[in-house]
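Below is target-v5.cif, holding mmCIF, C-alpha atoms.
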data_input
loop_
_atom_site.label_atom_id
_atom_site.label_comp_id
_atom_site.auth_asym_id
_atom_site.auth_seq_id
_atom_site.Cartn_x
_atom_site.Cartn_y
_atom_site.Cartn_z
CA MET A 1 14.94 -44.36 -20.66
CA PRO A 2 16.09 -40.71 -20.44
CA ARG A 3 18.93 -39.99 -18.06
CA ILE A 4 17.66 -39.04 -14.60
CA ASN A 5 19.89 -36.72 -12.64
CA ARG A 6 19.71 -35.37 -9.08
CA ARG A 7 18.07 -32.12 -10.16
CA ILE A 8 15.26 -33.91 -11.95
CA PHE A 9 14.63 -36.24 -9.02
CA LEU A 10 14.48 -33.47 -6.45
CA LYS A 11 12.16 -31.45 -8.66
CA HIS A 12 9.80 -34.21 -9.76
CA GLY A 13 10.18 -36.90 -7.09
CA ALA A 14 7.80 -37.05 -4.18
CA ILE A 15 10.52 -36.94 -1.51
CA GLY A 16 13.58 -34.71 -1.24
CA LEU A 17 16.11 -34.97 1.60
CA LEU A 18 18.34 -31.92 1.60
CA ALA A 19 21.72 -33.56 2.11
CA ILE A 20 24.06 -31.97 -0.39
CA GLY A 21 25.87 -28.92 0.94
CA LEU A 22 24.65 -29.34 4.49
CA PRO A 23 26.87 -30.11 7.49
CA PRO A 24 27.45 -33.76 8.50
CA ARG A 25 25.10 -33.44 11.45
CA PHE A 26 22.26 -33.52 8.94
CA LEU A 27 22.72 -37.26 8.67
CA ALA A 28 23.22 -37.96 12.36
CA ARG A 29 20.56 -40.39 13.53
CA THR A 30 21.20 -41.14 17.18
CA LEU A 31 20.43 -44.58 18.57
CA LEU A 32 20.59 -43.16 22.08
CA ALA A 33 17.42 -41.07 21.88
CA GLY A 34 14.46 -42.29 23.90
CA THR A 35 10.88 -41.35 23.39
CA GLY A 36 10.53 -39.32 26.58
CA ARG A 37 6.80 -39.97 26.37
CA SER A 38 4.38 -42.83 26.44
CA GLY A 39 1.16 -43.38 24.54
CA ARG A 40 0.34 -41.82 21.18
CA GLN A 41 2.65 -39.43 19.41
CA ARG A 42 1.92 -35.74 19.88
CA THR A 43 2.07 -33.60 16.74
CA VAL A 44 2.05 -29.91 15.87
CA VAL A 45 0.89 -28.93 12.37
CA PHE A 46 1.86 -25.48 11.07
CA LEU A 47 -0.15 -23.81 8.30
CA PHE A 48 1.55 -20.86 6.62
CA GLN A 49 -0.81 -18.36 4.96
CA ARG A 50 1.70 -16.99 2.46
CA GLY A 51 1.10 -13.52 1.10
CA ALA A 52 0.07 -11.73 4.31
CA VAL A 53 -3.55 -12.34 5.22
CA ASP A 54 -5.76 -9.52 6.43
CA GLY A 55 -6.21 -10.44 10.08
CA LEU A 56 -8.64 -7.56 10.58
CA SER A 57 -11.05 -9.30 8.23
CA MET A 58 -10.37 -12.78 9.61
CA VAL A 59 -11.14 -11.75 13.18
CA VAL A 60 -13.12 -8.53 13.04
CA PRO A 61 -12.98 -5.94 15.85
CA PHE A 62 -16.62 -5.04 15.20
CA ASP A 63 -16.94 -3.02 18.40
CA GLU A 64 -14.05 -0.76 17.32
CA LYS A 65 -15.55 2.38 15.72
CA ALA A 66 -12.32 3.22 13.90
CA TYR A 67 -12.54 -0.08 11.99
CA TYR A 68 -15.62 1.06 10.08
CA ARG A 69 -14.29 4.56 9.66
CA VAL A 70 -11.23 3.43 7.67
CA ARG A 71 -12.84 0.52 5.81
CA ARG A 72 -15.86 1.90 4.04
CA SER A 73 -16.23 -0.73 1.30
CA ILE A 74 -14.51 -3.88 2.63
CA ALA A 75 -15.48 -3.83 6.32
CA ILE A 76 -17.26 -6.93 7.63
CA PRO A 77 -20.62 -5.86 9.10
CA PRO A 78 -21.15 -6.36 12.83
CA PRO A 79 -23.16 -9.37 14.01
CA SER A 80 -26.86 -9.04 13.37
CA ARG A 81 -29.56 -11.47 14.39
CA GLY A 82 -30.66 -13.58 11.46
CA VAL A 83 -28.11 -12.07 9.05
CA GLU A 84 -25.54 -14.51 7.65
CA ALA A 85 -23.45 -11.94 5.76
CA ALA A 86 -21.98 -10.47 8.91
CA ALA A 87 -19.30 -11.17 11.47
CA ILE A 88 -19.97 -14.14 13.77
CA ASP A 89 -19.91 -12.88 17.33
CA LEU A 90 -17.15 -14.38 19.48
CA ASP A 91 -17.08 -12.30 22.66
CA GLY A 92 -19.02 -9.07 22.10
CA PHE A 93 -15.99 -7.27 20.63
CA PHE A 94 -14.48 -9.64 18.05
CA GLY A 95 -16.22 -11.68 15.37
CA LEU A 96 -15.20 -14.29 12.81
CA HIS A 97 -15.46 -13.56 9.11
CA PRO A 98 -18.60 -15.42 7.96
CA SER A 99 -16.49 -17.54 5.59
CA LEU A 100 -14.78 -18.98 8.66
CA SER A 101 -18.08 -20.28 10.05
CA PRO A 102 -16.93 -23.95 9.98
CA LEU A 103 -14.46 -23.02 12.73
CA HIS A 104 -17.02 -21.35 14.99
CA GLU A 105 -18.13 -24.64 16.51
CA LEU A 106 -14.51 -25.48 17.37
CA TYR A 107 -14.20 -22.09 19.06
CA GLY A 108 -17.44 -22.66 20.95
CA ARG A 109 -16.25 -26.07 22.17
CA GLY A 110 -13.07 -24.49 23.49
CA GLU A 111 -10.93 -26.22 20.86
CA MET A 112 -9.74 -23.07 19.09
CA ALA A 113 -7.96 -20.03 20.51
CA ILE A 114 -7.21 -16.86 18.59
CA VAL A 115 -4.20 -14.63 19.24
CA HIS A 116 -4.77 -11.14 17.86
CA ALA A 117 -2.29 -8.28 17.37
CA THR A 118 0.54 -10.79 16.95
CA GLY A 119 3.45 -10.95 14.53
CA SER A 120 7.08 -10.10 14.02
CA PRO A 121 8.64 -7.07 15.71
CA HIS A 122 10.75 -6.40 12.61
CA PRO A 123 9.32 -3.56 10.50
CA THR A 124 9.87 -5.07 7.04
CA ARG A 125 7.00 -5.12 4.58
CA SER A 126 8.87 -7.37 2.17
CA HIS A 127 7.15 -10.73 1.73
CA PHE A 128 10.45 -12.49 1.13
CA ASP A 129 12.21 -11.06 4.18
CA ALA A 130 9.23 -11.39 6.51
CA GLN A 131 8.62 -15.03 5.56
CA ASP A 132 12.31 -15.76 5.96
CA PHE A 133 12.37 -14.14 9.41
CA MET A 134 9.27 -16.04 10.53
CA GLU A 135 10.66 -19.37 9.34
CA SER A 136 14.08 -18.77 10.89
CA ALA A 137 12.49 -17.18 13.99
CA THR A 138 15.26 -14.58 14.00
CA PRO A 139 13.58 -11.35 12.86
CA GLY A 140 16.04 -8.93 11.28
CA VAL A 141 18.88 -11.48 11.12
CA LYS A 142 19.49 -12.60 7.56
CA SER A 143 22.56 -14.67 8.38
CA THR A 144 20.60 -17.47 10.10
CA ARG A 145 21.11 -20.57 8.01
CA ASP A 146 18.66 -23.03 9.51
CA GLY A 147 14.94 -22.96 10.21
CA TRP A 148 13.45 -22.90 13.67
CA MET A 149 11.49 -26.12 13.21
CA ASN A 150 14.68 -27.91 12.23
CA ARG A 151 16.37 -26.65 15.40
CA LEU A 152 13.33 -27.74 17.39
CA LEU A 153 13.50 -31.28 16.04
CA ALA A 154 17.22 -31.50 16.76
CA GLU A 155 16.93 -30.17 20.30
CA ASN A 156 13.86 -32.23 21.14
CA ALA A 157 15.60 -35.39 19.99
CA CYS A 158 18.75 -34.60 21.97
CA SER A 159 16.86 -33.72 25.15
CA CYS A 160 14.97 -37.02 25.30
CA SER A 161 15.96 -39.55 27.94
CA GLY A 162 18.92 -41.61 26.76
CA ARG A 163 19.06 -45.31 25.95
CA THR A 164 21.99 -47.65 25.85
CA LEU A 165 23.57 -48.77 22.60
CA ALA A 166 22.01 -52.18 23.14
CA ASP A 167 18.61 -50.52 23.44
CA GLY A 168 19.29 -48.68 20.20
CA ALA A 169 20.26 -51.87 18.40
CA ALA A 170 17.13 -53.58 19.65
CA HIS A 171 15.02 -50.68 18.45
CA THR A 172 16.63 -50.81 15.02
CA ALA A 173 15.56 -54.44 14.74
CA ASP A 174 12.01 -53.52 15.79
CA HIS A 175 11.96 -50.72 13.23
CA ALA A 176 13.14 -53.03 10.46
CA SER A 177 10.35 -55.46 11.31
CA GLY A 178 7.76 -52.72 11.01
CA GLN A 179 7.28 -52.00 14.72
CA LEU A 180 7.71 -48.24 14.52
CA GLY A 181 8.40 -46.38 17.74
CA MET A 182 7.87 -42.74 18.61
CA ALA A 183 8.88 -39.73 16.54
CA GLU A 184 12.57 -39.68 17.50
CA ASP A 185 12.93 -42.96 15.61
CA SER A 186 11.06 -42.01 12.46
CA PRO A 187 12.39 -40.60 9.19
CA LEU A 188 9.04 -38.78 8.97
CA ARG A 189 9.45 -36.98 12.27
CA GLY A 190 9.81 -33.60 10.54
CA LEU A 191 7.55 -33.53 7.50
CA SER A 192 6.32 -30.95 5.00
CA ILE A 193 3.77 -31.45 2.24
CA GLY A 194 4.38 -29.11 -0.67
CA THR A 195 6.45 -28.40 -3.74
CA GLU A 196 9.65 -27.78 -1.79
CA LEU A 197 11.06 -28.13 1.70
CA PRO A 198 10.17 -24.92 3.56
CA ARG A 199 12.81 -22.64 5.05
CA ALA A 200 11.52 -23.48 8.54
CA MET A 201 12.55 -27.14 8.17
CA ARG A 202 15.92 -26.71 6.51
CA GLY A 203 19.05 -27.34 8.51
CA SER A 204 21.25 -30.03 9.98
CA TYR A 205 18.50 -32.33 11.23
CA PRO A 206 17.03 -34.75 8.65
CA THR A 207 13.57 -33.66 7.53
CA VAL A 208 11.44 -34.76 4.61
CA GLY A 209 9.69 -32.73 1.92
CA ILE A 210 6.92 -34.58 0.08
CA ALA A 211 5.20 -33.17 -2.97
CA ASP A 212 2.41 -35.75 -2.99
CA LEU A 213 2.11 -39.15 -1.31
CA GLU A 214 0.55 -40.60 -4.41
CA ARG A 215 3.52 -39.80 -6.65
CA PHE A 216 6.77 -41.67 -7.29
CA GLY A 217 5.06 -45.06 -7.19
CA ILE A 218 4.65 -44.87 -3.43
CA ALA A 219 1.25 -46.50 -3.52
CA GLY A 220 -0.65 -48.51 -6.06
CA GLY A 221 1.88 -49.18 -8.82
CA ARG A 222 5.62 -48.74 -8.26
CA ALA A 223 8.09 -46.92 -10.49
CA PRO A 224 11.05 -49.32 -10.41
CA ALA A 225 13.03 -47.65 -13.20
CA LEU A 226 12.98 -44.27 -11.47
CA GLU A 227 13.72 -45.79 -8.06
CA SER A 228 16.57 -47.87 -9.48
CA ALA A 229 18.13 -44.79 -11.08
CA PHE A 230 17.88 -42.93 -7.77
CA GLU A 231 19.52 -45.84 -5.91
CA ARG A 232 22.42 -45.92 -8.39
CA MET A 233 23.01 -42.20 -7.91
CA TYR A 234 22.94 -42.14 -4.15
CA ARG A 235 23.71 -45.57 -2.72
CA THR A 236 27.48 -45.92 -2.83
CA GLU A 237 29.82 -48.64 -1.61
CA ALA A 238 31.64 -46.07 0.52
CA ASN A 239 28.61 -45.64 2.76
CA ASP A 240 29.25 -41.89 2.70
CA LEU A 241 27.01 -39.00 3.76
CA ILE A 242 25.01 -38.92 0.56
CA ALA A 243 24.44 -42.66 0.80
CA GLY A 244 23.17 -42.11 4.32
CA ALA A 245 20.73 -39.51 3.09
CA ALA A 246 19.52 -41.98 0.48
CA GLY A 247 18.97 -44.51 3.23
CA ASP A 248 16.72 -42.07 5.08
CA SER A 249 14.89 -41.34 1.85
CA PHE A 250 14.17 -44.97 1.07
CA GLU A 251 13.15 -45.63 4.66
CA ALA A 252 10.65 -42.78 4.42
CA ILE A 253 9.38 -44.09 1.08
CA GLU A 254 8.78 -47.54 2.52
CA LEU A 255 6.92 -46.14 5.52
CA ILE A 256 4.68 -44.04 3.27
CA ARG A 257 4.13 -46.91 0.87
CA ARG A 258 2.76 -48.96 3.75
CA THR A 259 0.11 -46.32 4.45
CA ASP A 260 -1.28 -46.86 0.93
CA PRO A 261 -2.27 -43.24 0.14
CA VAL A 262 -4.35 -44.12 -2.91
CA GLN A 263 -6.69 -46.27 -0.82
CA TYR A 264 -7.06 -43.80 2.06
CA ARG A 265 -10.55 -42.54 2.79
CA PRO A 266 -11.29 -39.77 5.33
CA GLY A 267 -13.69 -40.39 8.20
CA PRO A 268 -17.45 -40.62 7.60
CA GLY A 269 -18.92 -37.38 6.29
CA VAL A 270 -15.52 -35.69 6.02
CA GLU A 271 -14.79 -33.87 2.77
CA TYR A 272 -11.59 -31.90 2.28
CA PRO A 273 -11.64 -28.91 -0.06
CA ARG A 274 -10.38 -29.62 -3.53
CA GLY A 275 -6.93 -28.38 -4.44
CA GLU A 276 -3.41 -28.61 -3.05
CA PHE A 277 -4.24 -27.30 0.41
CA GLY A 278 -7.01 -29.80 1.08
CA ARG A 279 -4.94 -32.65 -0.33
CA SER A 280 -1.96 -31.67 1.84
CA LEU A 281 -4.06 -31.65 5.01
CA GLN A 282 -5.63 -34.97 4.12
CA GLN A 283 -2.23 -36.54 3.62
CA ILE A 284 -0.92 -35.16 6.91
CA ALA A 285 -3.99 -36.58 8.65
CA GLN A 286 -3.41 -39.93 7.00
CA LEU A 287 0.19 -40.11 8.21
CA ILE A 288 -0.79 -39.09 11.75
CA LYS A 289 -3.46 -41.80 11.85
CA ALA A 290 -0.97 -44.32 10.45
CA ASP A 291 1.31 -43.75 13.48
CA VAL A 292 4.45 -43.25 11.42
CA GLY A 293 5.96 -40.86 13.98
CA VAL A 294 5.14 -37.40 12.62
CA GLU A 295 6.00 -34.83 15.30
CA VAL A 296 6.15 -31.57 13.31
CA ALA A 297 4.25 -31.15 10.04
CA PHE A 298 4.06 -28.16 7.73
CA THR A 299 2.08 -27.04 4.73
CA ASP A 300 1.04 -23.70 3.27
CA ILE A 301 -1.74 -21.96 1.40
CA GLY A 302 -1.21 -18.88 -0.75
CA GLY A 303 -3.33 -16.15 -2.31
CA TRP A 304 -3.52 -13.67 0.58
CA ASP A 305 -1.85 -10.63 -1.01
CA THR A 306 -5.07 -8.68 -1.57
CA HIS A 307 -3.94 -5.25 -2.83
CA LEU A 308 -6.80 -5.10 -5.33
CA ALA A 309 -10.51 -5.92 -4.97
CA GLN A 310 -10.14 -7.71 -1.65
CA GLY A 311 -13.86 -7.83 -1.04
CA GLY A 312 -15.77 -8.02 2.23
CA VAL A 313 -18.15 -10.80 3.17
CA ARG A 314 -17.82 -12.01 -0.42
CA GLY A 315 -15.04 -11.80 -2.95
CA GLN A 316 -11.40 -12.72 -3.26
CA LEU A 317 -10.51 -12.88 0.44
CA ALA A 318 -13.76 -14.59 1.42
CA SER A 319 -13.03 -17.37 -1.07
CA ARG A 320 -9.58 -18.01 0.38
CA LEU A 321 -10.95 -17.99 3.93
CA SER A 322 -13.61 -20.52 2.94
CA GLU A 323 -10.92 -22.90 1.71
CA LEU A 324 -8.84 -22.39 4.85
CA ALA A 325 -11.78 -23.02 7.18
CA ALA A 326 -13.04 -26.03 5.23
CA GLY A 327 -9.57 -27.56 5.29
CA ILE A 328 -8.97 -27.08 9.01
CA ARG A 329 -12.45 -28.33 9.92
CA ALA A 330 -12.12 -31.41 7.69
CA PHE A 331 -8.72 -32.16 9.22
CA CYS A 332 -10.12 -31.95 12.77
CA ASP A 333 -13.18 -34.04 11.94
CA ASP A 334 -11.07 -36.61 10.10
CA LEU A 335 -8.75 -37.10 13.08
CA GLY A 336 -11.60 -37.22 15.57
CA ASP A 337 -10.32 -38.05 19.05
CA ARG A 338 -6.77 -38.05 17.67
CA MET A 339 -7.00 -34.25 17.82
CA GLU A 340 -6.35 -34.65 21.56
CA ASP A 341 -2.73 -35.27 20.51
CA VAL A 342 -2.56 -32.67 17.72
CA VAL A 343 -2.28 -28.88 17.69
CA VAL A 344 -2.73 -26.84 14.51
CA VAL A 345 -1.16 -23.36 14.32
CA THR A 346 -1.76 -20.83 11.55
CA MET A 347 0.68 -18.05 10.71
CA SER A 348 1.29 -15.36 8.10
CA GLU A 349 4.30 -13.12 7.54
CA PHE A 350 2.52 -9.86 8.42
CA GLY A 351 -0.94 -8.30 8.33
CA ARG A 352 -2.53 -5.63 6.15
CA THR A 353 -3.06 -1.91 6.58
CA ALA A 354 -5.88 -0.83 8.86
CA ALA A 355 -7.35 1.37 6.12
CA GLU A 356 -8.38 0.13 2.71
CA ASN A 357 -6.57 1.55 -0.30
CA GLY A 358 -7.96 3.23 -3.40
CA SER A 359 -8.29 -0.09 -5.22
CA GLY A 360 -10.63 -1.73 -2.77
CA GLY A 361 -7.82 -3.70 -1.17
CA THR A 362 -5.26 -3.43 1.60
CA ASP A 363 -1.50 -2.96 1.50
CA HIS A 364 1.33 -4.58 3.44
CA GLY A 365 0.91 -4.01 7.16
CA HIS A 366 2.25 -5.20 10.50
CA GLY A 367 0.12 -6.90 13.20
CA ASN A 368 -2.04 -9.92 12.44
CA CYS A 369 -3.79 -12.86 14.10
CA MET A 370 -3.06 -16.56 14.55
CA PHE A 371 -5.31 -19.56 15.20
CA VAL A 372 -4.37 -22.39 17.59
CA VAL A 373 -6.62 -25.43 17.30
CA GLY A 374 -6.70 -28.84 18.93
CA GLY A 375 -5.41 -30.82 21.86
CA GLY A 376 -5.03 -29.03 25.14
CA THR A 377 -5.95 -25.68 23.62
CA ALA A 378 -7.38 -23.14 26.07
CA GLY A 379 -9.86 -22.13 23.43
CA GLY A 380 -13.04 -20.17 23.19
CA ARG A 381 -11.08 -16.95 23.65
CA VAL A 382 -9.49 -14.16 21.64
CA ILE A 383 -6.16 -13.70 23.40
CA GLY A 384 -3.77 -10.78 23.46
CA ARG A 385 -3.77 -7.13 24.44
CA TRP A 386 -5.78 -5.18 21.88
CA PRO A 387 -3.88 -1.99 20.91
CA GLY A 388 -6.75 -0.18 19.18
CA LEU A 389 -7.16 1.27 15.70
CA GLU A 390 -7.23 5.01 16.37
CA PRO A 391 -4.50 6.85 14.42
CA GLU A 392 -2.30 7.36 17.48
CA GLN A 393 -2.65 3.66 18.41
CA LEU A 394 -1.56 2.33 15.03
CA TYR A 395 1.96 1.23 14.20
CA GLU A 396 3.46 4.06 12.15
CA ARG A 397 -0.08 5.48 12.10
CA ARG A 398 -1.18 2.94 9.51
CA ASP A 399 -1.05 -0.66 10.81
CA LEU A 400 -2.31 -2.79 13.66
CA ALA A 401 0.37 -2.72 16.34
CA ILE A 402 1.90 -5.94 17.68
CA THR A 403 1.46 -6.82 21.34
CA THR A 404 2.40 -10.55 21.13
CA ASP A 405 5.61 -11.71 19.45
CA PHE A 406 4.96 -14.70 17.20
CA ARG A 407 7.87 -16.52 18.87
CA ASP A 408 6.00 -16.51 22.18
CA VAL A 409 3.13 -18.36 20.49
CA PHE A 410 5.47 -20.89 18.89
CA ALA A 411 7.46 -21.37 22.10
CA GLU A 412 4.37 -21.96 24.23
CA VAL A 413 2.96 -24.51 21.80
CA VAL A 414 6.13 -26.58 21.32
CA SER A 415 7.10 -26.51 24.99
CA GLY A 416 3.60 -27.15 26.33
CA HIS A 417 2.46 -29.69 23.75
CA LEU A 418 5.69 -31.37 22.65
CA GLY A 419 7.66 -30.91 25.86
CA ALA A 420 10.42 -29.07 24.00
CA GLU A 421 13.36 -27.92 26.08
CA ASN A 422 16.41 -25.74 25.38
CA LEU A 423 14.17 -23.14 23.78
CA GLU A 424 16.98 -20.61 23.81
CA ARG A 425 18.61 -22.72 21.09
CA VAL A 426 15.39 -23.00 19.12
CA PHE A 427 14.83 -19.24 19.29
CA PRO A 428 18.35 -17.76 19.44
CA GLY A 429 18.67 -14.13 20.47
CA PHE A 430 15.14 -14.02 21.87
CA ARG A 431 14.62 -13.44 25.58
CA LEU A 432 12.13 -16.13 26.48
CA ASP A 433 9.85 -15.49 29.41
CA THR A 434 6.92 -17.78 30.16
CA ALA A 435 5.12 -14.79 31.68
CA ARG A 436 4.81 -13.44 28.14
CA PHE A 437 3.31 -16.61 26.73
CA PRO A 438 -0.20 -15.74 25.55
CA GLY A 439 -1.90 -18.70 27.25
CA VAL A 440 -3.11 -20.67 24.24
CA LEU A 441 -2.73 -24.03 25.99
CA GLY A 442 -4.71 -25.20 28.99
#

For the structure just supplied, provide its representation as structure tokens.
Amino acid sequence: MPRINRRIFLKHGAIGLLAIGLPPRFLARTLLAGTGRSGRQRTVVFLFQRGAVDGLSMVVPFDEKAYYRVRRSIAIPPPSRGVEAAAIDLDGFFGLHPSLSPLHELYGRGEMAIVHATGSPHPTRSHFDAQDFMESATPGVKSTRDGWMNRLLAENACSCSGRTLADGAAHTADHASGQLGMAEDSPLRGLSIGTELPRAMRGSYPTVGIADLERFGIAGGRAPALESAFERMYRTEANDLIAGAAGDSFEAIELIRRTDPVQYRPGPGVEYPRGEFGRSLQQIAQLIKADVGVEVAFTDIGGWDTHLAQGGVRGQLASRLSELAAGIRAFCDDLGDRMEDVVVVTMSEFGRTAAENGSGGTDHGHGNCMFVVGGGTAGGRVIGRWPGLEPEQLYERRDLAITTDFRDVFAEVVSGHLGAENLERVFPGFRLDTARFPGVLG
């Protein structure tokens, strides 16, 4: 068998725990953390639209005259009775792109809220910097080493009601016997599905990055040679930090193996879109339904950088929006009443220019929109102060201005849905004020 080293495992294995080079706190698993809640686990799922989606086409300000003045070929037509290739009226001013029609019923049932004119206050139009700032939640500060979701998981675990050491020992025995408790006890508490662990989840708290549940012999057939090689590399007699990370990894593998991903079937009539995004959402839904303690989950979907031939009701952007909507709707339908305990949040690093460019596309902009879907959502509304699209109302006379900081959306969701405390540590340097929260939760 060819030699398997750490680099190969982390690249090709299904699970990667970022232990090497991180501070010792990464491996700290407290036995004193209580659940702080009763009943089913609450979960927040974050969907990152990488590449900067055009929020003005996602949620169309069709009653804004300037919108049609600056977008002569890619504008989404206003709602028209009996016409499908037009914006879907939401409130008489805003409309959904027709490719997002699967989400309209969720909006109508009050299960989806939209925050418009939101984003990062930092002016960068660099994808790399803007994504980094959104995932660290420290716009303009490049020295931040950890991601905001990692800080959230650490603080939420530490703020839970304490248990005694005896309680912790008893829980460990329950866990070993398969009686999994709430998220604070689970190696899958912070989970991402994708090719690598996202910046938002990197840091001192142990989180898991999974490429695909069906890989690495997790279900169906096992891959004992690969697993044995991994154990030899990481399980040491010294019981050191790397050995501890390996322990978390194998614990996560065993939990996932029990869910039997290969045999999973979505709910009746539910069909996820083909491709990585649909598969990722299906696997997150499977783990939530399996009650393995997922509290924060993350995945992403790319293809939003539409400088050229963006299209209007049809075309490049419409195709991506169709996949996004189909995935979110399938996820919600698959979970059914479990969505009472789940909130889905979409985000993108920045928006696009208000005006189309000479290539039938849009360039890097500023303000954007976010969707919040699921349990406890005060939906059926487009939220946020609309700044307008007249030249003097635009940011730098070219982009949608921002009236809601993305951190206020994140903070409201994780405090209201997950009961997160110590938010000043989760969002360092940001003056938190609940009066500024947009009101996405009921």

Once the PyMOL selection byres ((chain A and resi 338) around 12) has been evaluated on this model, what residues remain selected, and can you format them as a tab-separated table (two decimals) with C-alpha atoms, keeping the file's coordinate frame?
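Resulting contents of part.tsv:
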chain	number	residue	atom	x	y	z
A	39	GLY	CA	1.16	-43.38	24.54
A	40	ARG	CA	0.34	-41.82	21.18
A	41	GLN	CA	2.65	-39.43	19.41
A	42	ARG	CA	1.92	-35.74	19.88
A	43	THR	CA	2.07	-33.60	16.74
A	267	GLY	CA	-13.69	-40.39	8.20
A	285	ALA	CA	-3.99	-36.58	8.65
A	286	GLN	CA	-3.41	-39.93	7.00
A	287	LEU	CA	0.19	-40.11	8.21
A	288	ILE	CA	-0.79	-39.09	11.75
A	289	LYS	CA	-3.46	-41.80	11.85
A	290	ALA	CA	-0.97	-44.32	10.45
A	291	ASP	CA	1.31	-43.75	13.48
A	331	PHE	CA	-8.72	-32.16	9.22
A	332	CYS	CA	-10.12	-31.95	12.77
A	333	ASP	CA	-13.18	-34.04	11.94
A	334	ASP	CA	-11.07	-36.61	10.10
A	335	LEU	CA	-8.75	-37.10	13.08
A	336	GLY	CA	-11.60	-37.22	15.57
A	337	ASP	CA	-10.32	-38.05	19.05
A	339	MET	CA	-7.00	-34.25	17.82
A	340	GLU	CA	-6.35	-34.65	21.56
A	341	ASP	CA	-2.73	-35.27	20.51
A	342	VAL	CA	-2.56	-32.67	17.72
A	343	VAL	CA	-2.28	-28.88	17.69
A	374	GLY	CA	-6.70	-28.84	18.93
A	375	GLY	CA	-5.41	-30.82	21.86
A	376	GLY	CA	-5.03	-29.03	25.14

Please evaluate the PyMOL selection byres ((chain A and resi 398) around 8) against the displayed coordinates and give the resulting residues as a PDB file with C-alpha atoms, keeping the file's coordinate frame.
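Here's the written file out.pdb:
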ATOM      1  CA  THR A 353      -3.060  -1.910   6.580  1.00  0.00           C
ATOM      2  CA  ALA A 354      -5.880  -0.830   8.860  1.00  0.00           C
ATOM      3  CA  ALA A 355      -7.350   1.370   6.120  1.00  0.00           C
ATOM      4  CA  GLY A 365       0.910  -4.010   7.160  1.00  0.00           C
ATOM      5  CA  PRO A 391      -4.500   6.850  14.420  1.00  0.00           C
ATOM      6  CA  LEU A 394      -1.560   2.330  15.030  1.00  0.00           C
ATOM      7  CA  TYR A 395       1.960   1.230  14.200  1.00  0.00           C
ATOM      8  CA  GLU A 396       3.460   4.060  12.150  1.00  0.00           C
ATOM      9  CA  ARG A 397      -0.080   5.480  12.100  1.00  0.00           C
ATOM     10  CA  ASP A 399      -1.050  -0.660  10.810  1.00  0.00           C
ATOM     11  CA  LEU A 400      -2.310  -2.790  13.660  1.00  0.00           C
TER      12      LEU A 400
END

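Between atom CA of A:Gln263 and atom CA of A:Val345 the separation is 28.0 Å.
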
Inset, instruction - Tell me which residues the PyMOL selection byres ((chain A and resi 63-65) around 10) grabs here, as number ranges by chain. - result: A: 60-62, 66-70, 78-79, 92-95, 388-390

Inset, instruction - Pick out the residues sitting within 9 Å of stretch 295-309 of chain A, and hand them over as an MDAnalysis selection string; count all atoms listed in the file, and ignore anything fewer than 6 positions along from it in its own chain. - result: chainID A and resid 41:54 74 149 153 182:184 188:194 198 200:201 276:277 280:281 284 288 315:317 320 324 352 356:364 418

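For the set A:Ser186, A:Asn368, A:Ser204, A:Ser101, the residue with the smallest atom-to-atom gap to A:Asn150 is A:Ser204, counting all atoms listed in the file.
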
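Nearest to A:Gln283 of all the residues A:Val413, A:Ile210, A:Val270, A:Ala435 is A:Ile210, counting all atoms listed in the file.
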
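Closest approach to A:Ala85 from the set A:Val141, A:Leu100, A:Leu441, A:Val313 is made by A:Val313, with distances taken over all atoms listed in the file.
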
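Put simply, atom CA of A:Asp408 is 27.3 Å away from atom CA of A:Glu323.
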
Inset, instruction - To one decimal in Å, tell me the separation between atom CA of A:Phe406 and atom CA of A:Arg314. - result: 28.9 Å

Inset, instruction - Identify, on the basis of all atoms listed in the file, every residue whose closest approach to A:Gly416 does not exceed 10 Å; exclude the query and any residue fewer than 4 positions from it along the same chain; express the result as a list in words. - result: Gly376, Phe410, Ala411, Glu412, Ala420, Glu421, Val440, Leu441 and Gly442 of chain A

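Here the question is which of A:His97, A:Arg151, A:His127, A:Arg385 gets nearest to A:Tyr205 using only C-alpha atoms, and that residue is A:Arg151.
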
Legend entry - Nearest candidate to A:Phe128 (options A:Ser348, A:Asn156, A:Ser322, A:Thr207; using only C-alpha atoms): A:Ser348

Legend entry - Long-range neighbours of stretch 135-137 of chain A as a PyMOL selection string, 8 Å cut-off, all atoms listed in the file, 4 positions minimum in chain: chain A and resi 131+144-149+199-200+407+427
